[in-house]
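Contents: one structure, followed by commentary.
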Amino acid sequence: MSTTSSRGRRRAPTRIERAAGRAAALQRPRVIVALLLLLALTSVMLLDGYLRAEVGGDQRVRTGASASQVPESVLDGGPILTFRGGRATTVSVPDKTIALTFDDGPDPTWTPQVLKILEQYDVPATFFLVGSMVSRHPGIVKTMVEQGNEVGIHTFTHVDLSYQSSSRIRREMTQTQLALAGAAGITTTLFRAPYSSQTDAIDNYSWPVYRSLGEDGYTSVFVDTDSDDWKRPGVSKIVQWATPKNGKGASVLFHDAGGERSQTIAALPRYIQQMRAKGYTFTTISGALEKQRSTAGSAQATGAAHAAGAAATQAPSADGAQPSGADGAQPSGTDGTQATGAAGVPRQGGLQAAHRTATGATLYEGKALVAAVAVAEWTVPALSAGLTVVGVAVLGRFGMMLLLARRHHRQRNRRRFRWGEPVTRPVSVIVPAYNEKECIAGTLASLAASTHPIEIIVVDDGSTDGTADIAESLGMPNVRVIRQANAGKPAALNHGVRQASYDIVVMMDGDTVFEPDTVRQLVQPFADPSVGAVAGNAKVGNRKTVIGAWQHIEYVMGFNLDRRMYDLLGCMPTIPGAIGAFRREAVLAVGGMSEDTLAEDTDITIALHRAGRRVVYQEHARAWTEAPGSLQQLWSQRYRWSYGTMQALWKHRKSLTDRGPSGRFGRIGMPLVVLFQIVTPVFAPLIDVFTVYSMLFVDFRAALLAWCAVLAVQLLCAAYAFRLDREKYRYLLMMPLQQLAYRQMMYLVLIHSCITALTGGRLRWQKLKRTGEVGTPAGVS
């Protein structure tokens, strides 16, 4: 950083300018970290939604299409379809042989029960797995393969491929292969399309899909005997419908997932026993192909057996392309001997001939996929539960605010309510000022109209724009201007307190305008000896812009409604810097305004609580302040507020163990502030992310209704807050837009502040640019 003097020569930056540059450089990485965290979370949610077919799901199922382009030999052929040498060939399961197949798994409830039954009866089976389920339950798949069963692909998201583009088809196959590689260290050549049945159901739309996959080395498997167990017709019906006719062999379909499968679990042992009693043997799809090759002499059967037997050599790679076969060996088991299969599993008689060992990038990408899914499987439910708790807490806070705010208003506005004898003695008003030339005259003019006797102490904190000169030139008899070298707002306030002539001091900002009755209203609670400080009602004066209107809503609802609640609970966390009154001796007793934090107003308020002083809210003492007029200034101000509040809470963390009245803030106030001003807002963006996600991928109408319901609750709270403050309701028309834009910015500011706090960053005081446009209250609509 460098600057140019009036003569055009470059000069070295000052110490403050260098510090500002370092601070800015430190903040940029933290913003990037916050955005990266949000991006990572969004990616995890999208992955979880994709696994659950919420993202990219397609429920279309084609029926009734023509099959004019499908060869008759395929339509009338067996349930196993290969494309050896580019020619479609079908193979039937040998007589008295059952290729037991299961679709739609793995399922964490039903698949382990199926595997236990198969192991008990020493029956192998072929499982056509959905890739998303494989990635979510890899341990089941590993057990399945180690047990000697065969696996095939049932797409990644269980979509009808006849509706999908070639790129989507390739992606469905590739991702499932990666999932199998990550779960069990294998890939496979077997494929069964979702919603498929017998070969005579192939139509002109699905035929190109099977042909393309066949050219890539896949063997498509269909059904010739369907148990229809998904209909849940009863155990007897399932066994009956799964029994082949006239002793013929069959590819029999059951389901181990996709719904409630208790009838399937009950029917499976009975079915195995009955089929064995009838002389049937059980095998896998590869086992059926091998058996057909060894028993049939026809050229068609021989060719089909070679096609499937060479699966390990020409099996599709994880990217769906035709492999070179350089890393694959001739499938084991074709000569009747045992060989080692994928993951070191012995292949018994070629029952797992469709498997090949995953190696290289395929294996590592598969493991990465499974790991990412594991993170998503843990993260999303945990966040859902956490956000449910946060949502309930937020709604509970709204309810508590409404009830306590109503009670506060009725209590303080009763006709006979009094703090005690009226306070009429003079008080000192301290105005810290740093480069406030646009505002200082209006501020002092408003104080000159006060109905309560006051002395005004302007502490000029090293202004370079003539602020002190302007204050002196006004010639007000009750105004003292004190000049000091620039030392910061806390030092200026402490200087003013020490110079004050009276026992009650009122503190305000240099850009704030008081109503004539503000000081009188503000000091009346000091009639109660237990009151050590009073928070006034800060109002946004420049509310005609969109940003100003948003802040106006926030001040009325978020700040003043909160203060009513905290007042009744006896744990007010902050006296606003724009308007607050203190007993002078109470401020001096706690060491004055501290420079330890950027939120000196929160710091002094908590310190007074810990000293046993009572802090109350006086709604009728109104001050009009100039809120930031640009998004950049707003970010800077709220960033400082958020970070300073965290500093103050950490500084006073021992209040959690304070006893007696002084510990009331630690027992009640600090938990409420941490929960509702830090934790809840930090997680609030996730609620919005979940809402948008639900609108896009789950149920738009339900998500929109939920969002509108929450907005209605907030509108109700805001309307009541406006009623209590006698504000015009027209500003509430800006609230939906505020929820969509302004609130998100406030959340990001808080997240940024949290990252700064966690990484040990420090901020300088940041001066906002003033315009002086806030005038007397009469001019504010």
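Residue numbering restarts at 1 for every chain of the structure tokens, chains are lettered A, B, ... in their displayed order, and ligands are numbered from 1 as they appear.
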
Helix (DSSP H, G or I) call set, DSSP backbone run, range 472-524 of chain A, as a list in words: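 Filtering range 472-524 of chain A to helix (DSSP H, G or I) leaves Glu472, Ser473, Lys489, Pro490, Ala491, Ala492, Leu493, Asn494, His495, Gly496, Val497, Arg498, Gln499, Thr518, Val519, Arg520, Gln521, Leu522, Val523 and Gln524 of chain A.
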
Backbone-only DSSP, strand (DSSP E) members of range 363-449 of chain A, as a ChimeraX atom specification: /A:427-433

Write a file of the selected residues as a PDB file, in the first residue's frame, keeping C-alpha atoms.
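Listed below is the output, out_10.pdb:
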```
ATOM      1  CA  VAL A 427     -27.185  14.768  33.873  1.00  0.00           C
ATOM      2  CA  SER A 428     -24.104  14.713  31.671  1.00  0.00           C
ATOM      3  CA  VAL A 429     -24.410  13.750  27.984  1.00  0.00           C
ATOM      4  CA  ILE A 430     -21.182  12.433  26.449  1.00  0.00           C
ATOM      5  CA  VAL A 431     -20.774  12.637  22.670  1.00  0.00           C
ATOM      6  CA  PRO A 432     -17.649  10.852  21.383  1.00  0.00           C
ATOM      7  CA  ALA A 433     -16.848  12.191  17.927  1.00  0.00           C
TER       8      ALA A 433
END
```

Near-range 549-557 of chain A list (6 Å; only C-alpha atoms; drop same-chain fewer than 5 positions) as a PyMOL selection string: chain A and resi 540+543+718+721

What's the 12 Å shell around Arg583 in chain A, counting only C-alpha atoms, without same-chain residues fewer than 4 positions away, as an mmCIF file with N, CA, C and O atoms, in the first residue's frame?
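Output file result_27.cif is given in full below:
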```cif
data_model
loop_
_atom_site.group_PDB
_atom_site.id
_atom_site.type_symbol
_atom_site.label_atom_id
_atom_site.label_comp_id
_atom_site.auth_asym_id
_atom_site.auth_seq_id
_atom_site.Cartn_x
_atom_site.Cartn_y
_atom_site.Cartn_z
ATOM 1 N N VAL A 427 -28.020 15.917 34.246
ATOM 2 C CA VAL A 427 -27.185 14.768 33.873
ATOM 3 C C VAL A 427 -26.175 15.219 32.835
ATOM 4 O O VAL A 427 -26.338 16.270 32.191
ATOM 5 N N SER A 428 -25.141 14.424 32.671
ATOM 6 C CA SER A 428 -24.104 14.713 31.671
ATOM 7 C C SER A 428 -24.337 13.850 30.436
ATOM 8 O O SER A 428 -24.564 12.642 30.552
ATOM 9 N N VAL A 497 -16.490 10.473 30.828
ATOM 10 C CA VAL A 497 -17.000 10.084 32.151
ATOM 11 C C VAL A 497 -16.194 10.754 33.249
ATOM 12 O O VAL A 497 -16.745 11.255 34.257
ATOM 13 N N ALA A 500 -17.227 14.344 33.566
ATOM 14 C CA ALA A 500 -18.640 14.611 33.815
ATOM 15 C C ALA A 500 -18.847 15.251 35.182
ATOM 16 O O ALA A 500 -18.183 14.905 36.173
ATOM 17 N N TYR A 502 -21.939 15.312 36.723
ATOM 18 C CA TYR A 502 -23.103 14.770 37.420
ATOM 19 C C TYR A 502 -22.998 13.259 37.554
ATOM 20 O O TYR A 502 -22.177 12.609 36.900
ATOM 21 N N ASP A 503 -23.859 12.719 38.430
ATOM 22 C CA ASP A 503 -23.759 11.297 38.774
ATOM 23 C C ASP A 503 -24.405 10.382 37.759
ATOM 24 O O ASP A 503 -24.259 9.168 37.832
ATOM 25 N N ILE A 504 -25.165 10.914 36.827
ATOM 26 C CA ILE A 504 -25.749 10.125 35.740
ATOM 27 C C ILE A 504 -25.161 10.624 34.431
ATOM 28 O O ILE A 504 -25.168 11.833 34.151
ATOM 29 N N VAL A 505 -24.661 9.683 33.632
ATOM 30 C CA VAL A 505 -24.084 10.049 32.338
ATOM 31 C C VAL A 505 -24.870 9.353 31.240
ATOM 32 O O VAL A 505 -25.227 8.175 31.347
ATOM 33 N N VAL A 506 -25.174 10.098 30.196
ATOM 34 C CA VAL A 506 -25.839 9.569 29.014
ATOM 35 C C VAL A 506 -24.810 9.489 27.894
ATOM 36 O O VAL A 506 -24.093 10.478 27.639
ATOM 37 N N MET A 507 -24.722 8.338 27.257
ATOM 38 C CA MET A 507 -23.773 8.157 26.158
ATOM 39 C C MET A 507 -24.532 8.007 24.853
ATOM 40 O O MET A 507 -25.554 7.311 24.793
ATOM 41 N N VAL A 523 -33.649 8.783 31.851
ATOM 42 C CA VAL A 523 -33.067 8.760 33.200
ATOM 43 C C VAL A 523 -34.082 8.431 34.285
ATOM 44 O O VAL A 523 -33.683 8.261 35.453
ATOM 45 N N PRO A 525 -35.691 5.655 35.089
ATOM 46 C CA PRO A 525 -35.469 4.404 35.839
ATOM 47 C C PRO A 525 -34.451 4.532 36.967
ATOM 48 O O PRO A 525 -34.439 3.692 37.875
ATOM 49 N N PHE A 526 -33.618 5.581 36.951
ATOM 50 C CA PHE A 526 -32.635 5.720 38.023
ATOM 51 C C PHE A 526 -33.278 6.124 39.348
ATOM 52 O O PHE A 526 -32.587 6.209 40.374
ATOM 53 N N ALA A 527 -34.595 6.347 39.334
ATOM 54 C CA ALA A 527 -35.302 6.539 40.600
ATOM 55 C C ALA A 527 -35.257 5.261 41.431
ATOM 56 O O ALA A 527 -35.411 5.302 42.650
ATOM 57 N N ASP A 528 -35.054 4.132 40.764
ATOM 58 C CA ASP A 528 -34.880 2.850 41.451
ATOM 59 C C ASP A 528 -33.397 2.682 41.750
ATOM 60 O O ASP A 528 -32.580 2.607 40.832
ATOM 61 N N PRO A 529 -33.012 2.620 43.025
ATOM 62 C CA PRO A 529 -31.574 2.550 43.368
ATOM 63 C C PRO A 529 -30.872 1.321 42.811
ATOM 64 O O PRO A 529 -29.640 1.334 42.674
ATOM 65 N N SER A 530 -31.616 0.243 42.488
ATOM 66 C CA SER A 530 -30.973 -0.974 41.990
ATOM 67 C C SER A 530 -30.559 -0.868 40.529
ATOM 68 O O SER A 530 -29.773 -1.674 40.038
ATOM 69 N N VAL A 531 -31.093 0.112 39.823
ATOM 70 C CA VAL A 531 -30.804 0.263 38.397
ATOM 71 C C VAL A 531 -29.439 0.918 38.228
ATOM 72 O O VAL A 531 -29.190 2.003 38.759
ATOM 73 N N GLY A 532 -28.579 0.250 37.486
ATOM 74 C CA GLY A 532 -27.251 0.785 37.229
ATOM 75 C C GLY A 532 -27.090 1.355 35.843
ATOM 76 O O GLY A 532 -26.197 2.175 35.601
ATOM 77 N N ALA A 533 -27.961 0.913 34.901
ATOM 78 C CA ALA A 533 -27.851 1.405 33.519
ATOM 79 C C ALA A 533 -29.189 1.226 32.830
ATOM 80 O O ALA A 533 -30.012 0.376 33.212
ATOM 81 N N VAL A 534 -29.410 2.030 31.778
ATOM 82 C CA VAL A 534 -30.670 2.006 31.034
ATOM 83 C C VAL A 534 -30.363 1.978 29.542
ATOM 84 O O VAL A 534 -29.544 2.765 29.048
ATOM 85 N N VAL A 587 -20.008 2.879 36.384
ATOM 86 C CA VAL A 587 -19.074 2.728 35.265
ATOM 87 C C VAL A 587 -17.638 2.739 35.766
ATOM 88 O O VAL A 587 -16.817 1.906 35.370
ATOM 89 N N LEU A 588 -17.332 3.659 36.649
ATOM 90 C CA LEU A 588 -15.968 3.739 37.167
ATOM 91 C C LEU A 588 -15.621 2.521 38.003
ATOM 92 O O LEU A 588 -14.467 2.056 37.999
ATOM 93 N N ALA A 589 -16.620 1.945 38.698
ATOM 94 C CA ALA A 589 -16.358 0.799 39.571
ATOM 95 C C ALA A 589 -15.943 -0.438 38.788
ATOM 96 O O ALA A 589 -15.200 -1.283 39.306
ATOM 97 N N VAL A 590 -16.417 -0.577 37.550
ATOM 98 C CA VAL A 590 -16.053 -1.755 36.745
ATOM 99 C C VAL A 590 -14.886 -1.459 35.817
ATOM 100 O O VAL A 590 -14.570 -2.258 34.932
ATOM 101 N N GLY A 592 -14.549 1.344 33.792
ATOM 102 C CA GLY A 592 -14.870 2.157 32.633
ATOM 103 C C GLY A 592 -15.103 1.325 31.376
ATOM 104 O O GLY A 592 -15.230 0.091 31.414
ATOM 105 N N LEU A 608 -21.502 -4.682 34.198
ATOM 106 C CA LEU A 608 -22.436 -4.138 35.187
ATOM 107 C C LEU A 608 -23.302 -5.243 35.787
ATOM 108 O O LEU A 608 -23.593 -5.237 36.990
ATOM 109 N N ARG A 613 -25.444 -4.962 39.243
ATOM 110 C CA ARG A 613 -26.292 -3.840 38.854
ATOM 111 C C ARG A 613 -27.431 -4.319 37.949
ATOM 112 O O ARG A 613 -27.271 -5.255 37.168
ATOM 113 N N ARG A 614 -28.532 -3.657 38.044
ATOM 114 C CA ARG A 614 -29.691 -3.976 37.212
ATOM 115 C C ARG A 614 -29.668 -3.113 35.964
ATOM 116 O O ARG A 614 -29.420 -1.908 36.030
ATOM 117 N N VAL A 615 -29.916 -3.735 34.807
ATOM 118 C CA VAL A 615 -29.949 -3.026 33.522
ATOM 119 C C VAL A 615 -31.352 -3.179 32.940
ATOM 120 O O VAL A 615 -31.862 -4.302 32.817
#
```

Polymer residues at most 6 Å from Met401 in chain A, only C-alpha atoms, same-chain spacing of 4 or more positions, as a ChimeraX atom specification: /A:397,405,565

Non-local contacts of Ile687 in chain A (9 Å; only C-alpha atoms; under 6 positions in same chain excluded) as a PyMOL selection string: chain A and resi 384+387+391

Write the residues you've just listed into a file as a PDB file, in the first residue's frame, and include C-alpha atoms for each of them.
```
ATOM      1  CA  SER A 384     -31.328 -32.559   9.690  1.00  0.00           C
ATOM      2  CA  LEU A 387     -31.668 -28.092  12.210  1.00  0.00           C
ATOM      3  CA  GLY A 391     -36.008 -24.674  14.157  1.00  0.00           C
TER       4      GLY A 391
END
```

If we count only C-alpha atoms and set the cut-off at 12 Å, which residues sit around Val392 in chain A, ignoring sequence neighbours fewer than 5 positions away in its own chain? Please answer as a PDB file with N, CA and C atoms, in the first residue's frame.
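Now in around_33.pdb:
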```pdb
ATOM      1  N   ALA A 385     -31.240 -33.413  11.952  1.00  0.00           N
ATOM      2  CA  ALA A 385     -31.639 -33.454  13.360  1.00  0.00           C
ATOM      3  C   ALA A 385     -31.288 -32.147  14.057  1.00  0.00           C
ATOM      4  N   GLY A 386     -30.052 -31.667  13.782  1.00  0.00           N
ATOM      5  CA  GLY A 386     -29.640 -30.418  14.402  1.00  0.00           C
ATOM      6  C   GLY A 386     -30.502 -29.246  13.987  1.00  0.00           C
ATOM      7  N   LEU A 387     -30.842 -29.191  12.693  1.00  0.00           N
ATOM      8  CA  LEU A 387     -31.668 -28.092  12.210  1.00  0.00           C
ATOM      9  C   LEU A 387     -33.090 -28.184  12.741  1.00  0.00           C
ATOM     10  N   ARG A 397     -38.313 -19.306  20.656  1.00  0.00           N
ATOM     11  CA  ARG A 397     -37.860 -17.942  20.967  1.00  0.00           C
ATOM     12  C   ARG A 397     -38.890 -16.923  20.517  1.00  0.00           C
ATOM     13  N   PHE A 398     -39.461 -17.115  19.325  1.00  0.00           N
ATOM     14  CA  PHE A 398     -40.503 -16.200  18.862  1.00  0.00           C
ATOM     15  C   PHE A 398     -41.668 -16.166  19.842  1.00  0.00           C
ATOM     16  N   GLY A 399     -42.093 -17.357  20.271  1.00  0.00           N
ATOM     17  CA  GLY A 399     -43.203 -17.415  21.216  1.00  0.00           C
ATOM     18  C   GLY A 399     -42.860 -16.737  22.531  1.00  0.00           C
ATOM     19  N   PHE A 676     -29.061 -17.870  20.520  1.00  0.00           N
ATOM     20  CA  PHE A 676     -29.885 -17.157  19.546  1.00  0.00           C
ATOM     21  C   PHE A 676     -29.142 -16.101  18.745  1.00  0.00           C
ATOM     22  N   THR A 680     -27.679 -20.300  16.529  1.00  0.00           N
ATOM     23  CA  THR A 680     -28.828 -20.366  15.617  1.00  0.00           C
ATOM     24  C   THR A 680     -28.562 -19.646  14.296  1.00  0.00           C
ATOM     25  N   VAL A 710     -43.073 -20.221   8.075  1.00  0.00           N
ATOM     26  CA  VAL A 710     -42.065 -19.579   8.920  1.00  0.00           C
ATOM     27  C   VAL A 710     -42.085 -18.068   8.707  1.00  0.00           C
TER      28      VAL A 710
END
```

Using only C-alpha atoms: which of A:Ser165, A:Ser294, A:Thr625, A:Gln147 has the shortest distance to Gly442 in chain A: A:Thr625

Separation of CA of Trp207 in chain A from CA of Pro71 in chain A, in Å and rounded to one decimal: 9.5 Å

Among the residues A:Thr602, A:Asn542, A:Gln411, A:Thr199, the one that comes closest to Leu81 in chain A [using only C-alpha atoms]: A:Thr199

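For the pair CA of Arg520 in chain A and CA of Arg622 in chain A, the interatomic distance is 10.7 Å.
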
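Here CA of Ile440 in chain A and CA of Thr464 in chain A stand 13.7 Å from one another.
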
A:Asp122, A:Pro108, A:His158, A:Tyr163 ranked by distance to Arg261 in chain A, top pick (using only C-alpha atoms):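 Answer, going by the shortest atom-to-atom distance: A:Pro108.
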
Within 8 Å of range 486-492 of chain A, which residues of range 572-649 of chain A come that close, and what is the closest atom pair and distance in Å for each? Count only C-alpha atoms and give it as a tab-separated table.
```
residue	atom	partner	partner_atom	distance
A:Met593	CA	A:Pro490	CA	5.2
A:Ser594	CA	A:Pro490	CA	6.2
A:Glu595	CA	A:Pro490	CA	6.0
A:Glu600	CA	A:Pro490	CA	6.7
```

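Comparing A:Glu515, A:Arg211, A:Met734, A:Asp465 by their smallest distance to Thr545 in chain A, the closest is A:Met734 (using only C-alpha atoms).
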
Counting only C-alpha atoms, the option among A:Ala382, A:Ala709, A:Ile579, A:Ala441 closest to Met476 in chain A: A:Ala441

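With only C-alpha atoms as the atoms that count, the minimum distance from Val390 in chain A to the choices A:Ile755, A:Leu656, A:Leu115, A:Ile678 is reached by A:Ile678.
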